[in-house]
file upload_15.txt (compact mmCIF, C-alpha atoms)
# COMPACT_ATOMS: atom_id res chain seq x y z
CA MET A 142 38.84 -52.74 -95.36
CA GLY A 143 35.39 -52.11 -93.95
CA ARG A 144 36.73 -49.52 -91.51
CA GLY A 145 38.74 -47.79 -94.31
CA PHE A 146 35.70 -47.77 -96.55
CA THR A 147 33.61 -46.25 -93.78
CA LYS A 148 36.23 -43.54 -93.16
CA GLY A 149 36.25 -42.83 -96.88
CA VAL A 150 32.49 -42.43 -96.95
CA VAL A 151 32.51 -40.14 -93.90
CA LEU A 152 35.36 -38.04 -95.33
CA GLY A 153 33.61 -37.82 -98.68
CA ALA A 154 30.40 -36.70 -96.99
CA ILE A 155 32.25 -34.02 -95.04
CA VAL A 156 34.03 -32.75 -98.15
CA SER A 157 30.74 -32.76 -100.08
CA THR A 158 29.06 -30.81 -97.29
CA ILE A 159 31.86 -28.24 -97.28
CA VAL A 160 31.74 -27.91 -101.07
CA LEU A 161 27.93 -27.55 -101.09
CA THR A 162 28.05 -25.03 -98.26
CA ALA A 163 30.76 -23.03 -99.99
CA ALA A 164 28.86 -23.11 -103.28
CA SER A 165 25.75 -21.90 -101.51
CA ALA A 166 27.70 -19.13 -99.73
CA PHE A 167 29.16 -17.83 -102.97
CA ALA A 168 25.90 -17.95 -104.89
CA GLY A 169 25.41 -14.22 -104.29
CA THR A 170 21.63 -14.50 -103.97
CA GLY A 171 19.37 -14.18 -100.95
CA ILE A 172 19.69 -12.88 -97.41
CA GLY A 173 23.04 -13.75 -95.81
CA ALA A 174 24.70 -14.65 -99.11
CA VAL A 175 28.20 -13.43 -99.92
CA PHE A 176 28.49 -10.48 -102.31
CA ASN A 177 29.82 -12.10 -105.46
CA LEU A 178 32.02 -9.84 -107.60
CA GLY A 179 31.41 -9.94 -111.34
CA LYS A 180 27.98 -11.47 -110.81
CA THR A 181 24.43 -10.24 -110.39
CA ASN A 182 23.58 -10.35 -106.68
CA SER A 183 19.91 -10.34 -105.74
CA VAL A 184 18.39 -9.71 -102.32
CA ASN A 185 15.13 -8.09 -101.19
CA LYS A 186 16.50 -6.64 -97.96
CA PRO A 187 18.66 -3.58 -97.25
CA SER A 188 22.38 -4.09 -96.67
CA THR A 189 24.35 -1.88 -94.27
CA LEU A 190 28.06 -1.15 -94.08
CA THR A 191 28.98 0.32 -90.69
CA GLY A 192 32.35 1.18 -89.23
CA THR A 193 34.60 3.81 -87.70
CA THR A 194 37.33 5.19 -89.92
CA SER A 195 38.88 8.51 -90.89
CA GLY A 196 38.77 7.60 -94.59
CA ASN A 197 36.12 6.51 -97.05
CA MET A 198 34.03 3.53 -95.97
CA LEU A 199 33.71 2.42 -99.58
CA ASN A 200 35.86 3.18 -102.62
CA VAL A 201 34.84 2.42 -106.21
CA THR A 202 37.42 3.00 -108.96
CA ASN A 203 36.79 2.49 -112.66
CA ARG A 204 39.94 2.76 -114.75
CA GLY A 205 37.95 2.36 -117.96
CA SER A 206 35.87 4.89 -119.87
CA GLY A 207 32.68 4.37 -117.87
CA PRO A 208 31.48 5.95 -114.63
CA ALA A 209 32.42 4.55 -111.23
CA LEU A 210 28.87 4.31 -109.93
CA GLY A 211 25.40 3.87 -111.39
CA LEU A 212 22.13 4.37 -109.50
CA LYS A 213 18.85 3.17 -110.98
CA VAL A 214 15.47 3.66 -109.31
CA ALA A 215 11.82 3.70 -110.28
CA SER A 216 10.43 6.84 -111.91
CA GLY A 217 9.65 9.53 -109.34
CA THR A 218 11.99 8.04 -106.71
CA VAL A 219 15.02 9.93 -105.42
CA PRO A 220 18.25 8.13 -106.42
CA PHE A 221 19.97 8.67 -103.06
CA THR A 222 19.64 10.46 -99.72
CA VAL A 223 22.15 12.26 -97.52
CA SER A 224 22.24 13.06 -93.80
CA SER A 225 24.48 16.13 -94.00
CA GLY A 226 23.97 19.59 -95.45
CA THR A 227 27.69 20.18 -95.86
CA LYS A 228 28.75 21.25 -99.34
CA VAL A 229 30.42 18.52 -101.41
CA ALA A 230 33.39 19.85 -103.36
CA LYS A 231 33.37 19.22 -107.14
CA LEU A 232 29.81 17.84 -107.08
CA ASN A 233 28.32 19.48 -110.16
CA ALA A 234 24.55 19.49 -110.77
CA ASP A 235 23.05 20.03 -114.22
CA LYS A 236 19.59 20.91 -112.90
CA LEU A 237 18.19 22.69 -109.86
CA ASP A 238 14.45 22.30 -109.20
CA GLY A 239 14.02 21.09 -112.77
CA ILE A 240 15.80 24.08 -114.32
CA ASP A 241 18.77 23.34 -116.58
CA SER A 242 22.10 24.90 -115.62
CA THR A 243 22.12 26.92 -118.88
CA LYS A 244 19.11 28.89 -117.61
CA PHE A 245 20.98 30.30 -114.62
CA ILE A 246 22.79 33.61 -114.56
CA HIS A 247 26.58 33.38 -114.66
CA GLY A 248 28.81 36.04 -113.16
CA HIS A 249 29.80 37.49 -109.84
CA GLY A 250 28.50 40.04 -107.39
CA ASP A 251 25.47 40.33 -105.12
CA ALA A 252 22.45 38.15 -105.78
CA PHE A 253 19.12 39.94 -106.12
CA VAL A 254 15.94 37.87 -106.11
CA LYS A 255 12.58 39.53 -105.48
CA ASP A 256 8.99 38.61 -106.21
CA GLY A 257 5.56 40.08 -105.55
CA ALA A 258 1.96 40.18 -106.69
CA ALA A 259 -0.53 42.97 -107.37
CA ASP A 260 -4.26 42.34 -106.85
CA LEU A 261 -5.98 44.00 -109.80
CA SER A 262 -9.57 43.41 -108.62
CA GLY A 263 -11.70 46.41 -109.47
CA VAL A 264 -8.91 48.22 -111.30
CA VAL A 265 -10.46 49.49 -114.52
CA ASP A 266 -8.37 52.56 -115.28
CA PRO A 267 -4.82 53.19 -116.39
CA SER A 268 -3.71 54.17 -112.86
CA GLU A 269 -2.90 50.52 -112.24
CA ASN A 270 -1.92 48.70 -109.06
CA ARG A 271 1.80 48.25 -108.53
CA THR A 272 3.94 46.35 -106.03
CA ALA A 273 7.59 47.12 -105.39
CA LEU A 274 10.03 44.28 -106.10
CA GLY A 275 13.19 45.95 -104.86
CA SER A 276 16.01 48.10 -106.15
CA ILE A 277 19.53 47.74 -107.48
CA PRO A 278 21.91 50.33 -105.96
CA GLY A 279 23.19 52.78 -108.54
CA LEU A 280 20.68 51.77 -111.20
CA GLY A 281 17.02 51.81 -110.22
CA SER A 282 14.02 49.86 -108.94
CA PHE A 283 11.50 47.27 -110.15
CA THR A 284 7.73 47.06 -109.75
CA VAL A 285 5.10 44.56 -110.88
CA GLY A 286 1.50 45.45 -111.67
CA GLY A 287 -0.99 46.29 -114.37
CA ALA A 288 -4.52 47.40 -115.15
CA ILE A 289 -7.62 45.53 -116.30
CA LEU A 290 -9.01 47.47 -119.22
CA GLY A 291 -10.67 44.51 -120.86
CA PRO A 292 -9.79 41.05 -122.18
CA GLY A 293 -6.27 42.22 -122.99
CA GLY A 294 -5.45 43.17 -119.39
CA ASP A 295 -1.93 44.39 -118.91
CA CYS A 296 0.59 42.79 -116.56
CA ASP A 297 4.18 43.97 -116.59
CA ILE A 298 7.41 44.46 -114.71
CA THR A 299 8.89 47.93 -115.06
CA PHE A 300 12.30 49.25 -114.20
CA THR A 301 12.59 52.87 -113.05
CA ASN A 302 15.91 54.58 -113.58
CA THR A 303 17.10 56.38 -110.46
CA SER A 304 20.79 56.59 -111.40
CA GLY A 305 20.57 60.23 -112.48
CA ALA A 306 21.95 59.48 -115.94
CA ALA A 307 21.06 57.64 -119.09
CA LEU A 308 21.32 53.85 -118.94
CA VAL A 309 22.00 51.14 -121.49
CA VAL A 310 19.15 48.63 -121.45
CA ASN A 311 19.38 45.27 -123.23
CA GLY A 312 22.39 46.43 -125.21
CA ALA A 313 20.77 49.54 -126.68
CA ALA A 314 21.38 53.10 -125.49
CA ASN A 315 18.28 54.77 -124.07
CA PRO A 316 19.02 58.51 -123.87
CA GLY A 317 15.40 59.17 -122.91
CA LEU A 318 15.61 56.91 -119.88
CA ALA A 319 16.22 59.61 -117.28
CA ASP A 320 15.19 60.05 -113.65
CA ALA A 321 11.74 58.59 -112.91
CA ALA A 322 11.43 57.28 -116.47
CA SER A 323 10.63 53.58 -116.74
CA ILE A 324 10.98 50.86 -119.28
CA GLU A 325 8.77 47.80 -119.54
CA LEU A 326 11.01 44.75 -119.43
CA ALA A 327 8.67 41.92 -120.36
CA GLY A 328 6.25 43.07 -123.02
CA THR A 329 2.78 44.55 -122.68
CA SER A 330 0.78 41.56 -121.50
CA ALA A 331 1.25 38.24 -119.76
CA ARG A 332 -1.23 35.41 -119.98
CA PRO A 333 -1.84 32.78 -117.23
CA ASP A 334 0.89 30.50 -118.53
CA GLY A 335 3.46 33.20 -117.81
CA VAL A 336 6.15 34.93 -119.80
CA SER A 337 9.82 35.49 -119.06
CA THR A 338 12.69 37.41 -120.54
CA THR A 339 16.28 38.21 -119.70
CA PHE A 340 17.59 41.73 -119.27
CA THR A 341 20.81 43.71 -118.99
CA ILE A 342 20.92 47.21 -117.49
CA ALA A 343 24.16 49.18 -117.25
CA THR A 344 25.44 52.67 -116.67
CA ALA A 345 26.82 54.40 -119.74
CA ASN A 346 30.41 53.60 -118.76
CA ALA A 347 29.40 50.05 -117.70
CA ALA A 348 30.71 50.68 -114.18
CA THR A 349 27.56 49.07 -112.79
CA VAL A 350 25.83 46.25 -114.63
CA ALA A 351 22.78 44.20 -113.70
CA THR A 352 21.81 41.10 -115.62
CA GLY A 353 18.96 38.76 -114.83
CA GLN A 354 15.55 37.42 -115.69
CA VAL A 355 12.02 38.65 -115.14
CA VAL A 356 9.06 36.28 -114.91
CA LEU A 357 5.38 37.30 -115.14
CA THR A 358 2.08 35.51 -114.57
CA PHE A 359 -1.45 36.83 -114.98
CA GLY A 360 -4.24 34.74 -113.52
CA PHE A 361 -7.54 34.39 -111.72
CA PRO A 362 -6.78 32.36 -108.56
CA SER A 363 -10.14 32.88 -106.83
CA GLY A 364 -12.40 33.20 -109.86
CA ALA A 365 -13.06 36.85 -109.08
CA ASN A 366 -9.73 38.37 -108.17
CA VAL A 367 -7.19 39.05 -110.87
CA VAL A 368 -3.58 38.83 -109.77
CA CYS A 369 -0.54 40.00 -111.63
CA ALA A 370 2.52 38.26 -110.17
CA GLY A 371 6.14 38.54 -111.07
CA SER A 372 9.72 38.05 -109.97
CA VAL A 373 13.07 39.57 -110.79
CA GLN A 374 16.31 37.62 -110.55
CA ALA A 375 19.44 39.64 -111.11
CA LEU A 376 23.17 39.54 -110.52
CA ILE A 377 25.18 42.73 -110.17
CA SER A 378 28.76 42.64 -111.45
CA ASN A 379 31.00 45.60 -110.65
call {"tool": "encode", "arguments": {"input": "upload_15.txt", "output": "structure tokens"}}
result
Amino acid sequence: MGRGFTKGVVLGAIVSTIVLTAASAFAGTGIGAVFNLGKTNSVNKPSTLTGTTSGNMLNVTNRGSGPALGLKVASGTVPFTVSSGTKVAKLNADKLDGIDSTKFIHGHGDAFVKDGAADLSGVVDPSENRTALGSIPGLGSFTVGGAILGPGGDCDITFTNTSGAALVVNGAANPGLADAASIELAGTSARPDGVSTTFTIATANAATVATGQVVLTFGFPSGANVVCAGSVQALISN
């Protein structure tokens, strides 16, 4: 009886140890713990999944109405990093550099993005200083510049028609917009906080169309110099 009792005690101790060890392993908390599904798992160390396979290393499927993955980080921290620059199919982004997708130009054709700045220091007459921003084949060219005539100094982006015919600008026919004539696309003045506007320029038969956005800034970067800066972003659809 004594030997049987002793065996019972030893067996009970072994079973208890196994149960306690298993309970500890499935707690899902701390370094080395098992990842416990359906529970909150806490650990203050990174976890790594490494292998060699031709398929996905990890698959997450949610058959309900919610997303399959959620990433939460502190404010100002990137939610994830990647090691490849390869394009990911069907990965849609709502913002690019803080700009909402609705602010981007939609269409097809050749992208046209140009920017430049004109130093207006010492310019006190209407002759102005101008910097070329580039041209759109079949339509015309853009420049940025202005003149300091006083507190209301002018900074603008102009478009010069070189198509040899009248153009339609911003939806309205401009019969007076002939060779070498220009139209101011963004108002008469731009203050330091900048101003922007969208534009559409087309030939009369709409065979060539340019749509885009112009952005202007007017500031005093060195305290003495006055700089008129601007950019043109357009998309040509034929």
call {"tool": "residues_near_point", "arguments": {"input": "upload_15.txt", "point": "(25.2, 54.5, -118.6)", "cutoff": "10 Å", "atoms": "only C-alpha atoms", "output": "MDAnalysis selection string"}}
result
chainID A and resid 280 304:310 314:316 318 342:350
call {"tool": "atom_distance", "arguments": {"input": "upload_15.txt", "atom1": "CA of Val373 in chain A", "atom2": "CA of Ser282 in chain A"}}
result
10.5 Å
call {"tool": "atom_distance", "arguments": {"input": "upload_15.txt", "atom1": "CA of Ala252 in chain A", "atom2": "CA of Leu376 in chain A"}}
result
5.0 Å
call {"tool": "atom_distance", "arguments": {"input": "upload_15.txt", "atom1": "CA of Ala259 in chain A", "atom2": "CA of Val285 in chain A"}}
result
6.8 Å
call {"tool": "residues_around", "arguments": {"input": "upload_15.txt", "residues": "Asp260 in chain A", "least_positions_apart": "3", "cutoff": "9 Å", "atoms": "all atoms listed in the file", "output": "PyMOL selection string"}}
result
chain A and resi 263-264+270-271+286+366-370
call {"tool": "write_last_selection", "arguments": {"input": "upload_15.txt", "atoms": "C-alpha atoms", "output": "PDB file, in the coordinates of the input"}}
result
ATOM      1  CA  GLY A 263     -11.700  46.410-109.470  1.00  0.00           C
ATOM      2  CA  VAL A 264      -8.910  48.220-111.300  1.00  0.00           C
ATOM      3  CA  ASN A 270      -1.920  48.700-109.060  1.00  0.00           C
ATOM      4  CA  ARG A 271       1.800  48.250-108.530  1.00  0.00           C
ATOM      5  CA  GLY A 286       1.500  45.450-111.670  1.00  0.00           C
ATOM      6  CA  ASN A 366      -9.730  38.370-108.170  1.00  0.00           C
ATOM      7  CA  VAL A 367      -7.190  39.050-110.870  1.00  0.00           C
ATOM      8  CA  VAL A 368      -3.580  38.830-109.770  1.00  0.00           C
ATOM      9  CA  CYS A 369      -0.540  40.000-111.630  1.00  0.00           C
ATOM     10  CA  ALA A 370       2.520  38.260-110.170  1.00  0.00           C
TER      11      ALA A 370
END
call {"tool": "closest_residue", "arguments": {"input": "upload_15.txt", "among": "A:Leu357, A:Cys296, A:Ile277, A:Val175", "to": "Ala375 in chain A", "atoms": "only C-alpha atoms"}}
result
A:Ile277
call {"tool": "residues_near_point", "arguments": {"input": "upload_15.txt", "point": "(11.6, 52.4, -112.4)", "cutoff": "6 Å", "atoms": "only C-alpha atoms", "output": "list in words"}}
result
Gly281, Ser282, Phe283, Thr299, Phe300, Thr301, Asn302 and Ser323 of chain A
call {"tool": "closest_residue", "arguments": {"input": "upload_15.txt", "among": "A:Thr218, A:Ser378, A:Ser183, A:Ser372", "to": "Val254 in chain A", "atoms": "only C-alpha atoms"}}
result
A:Ser372
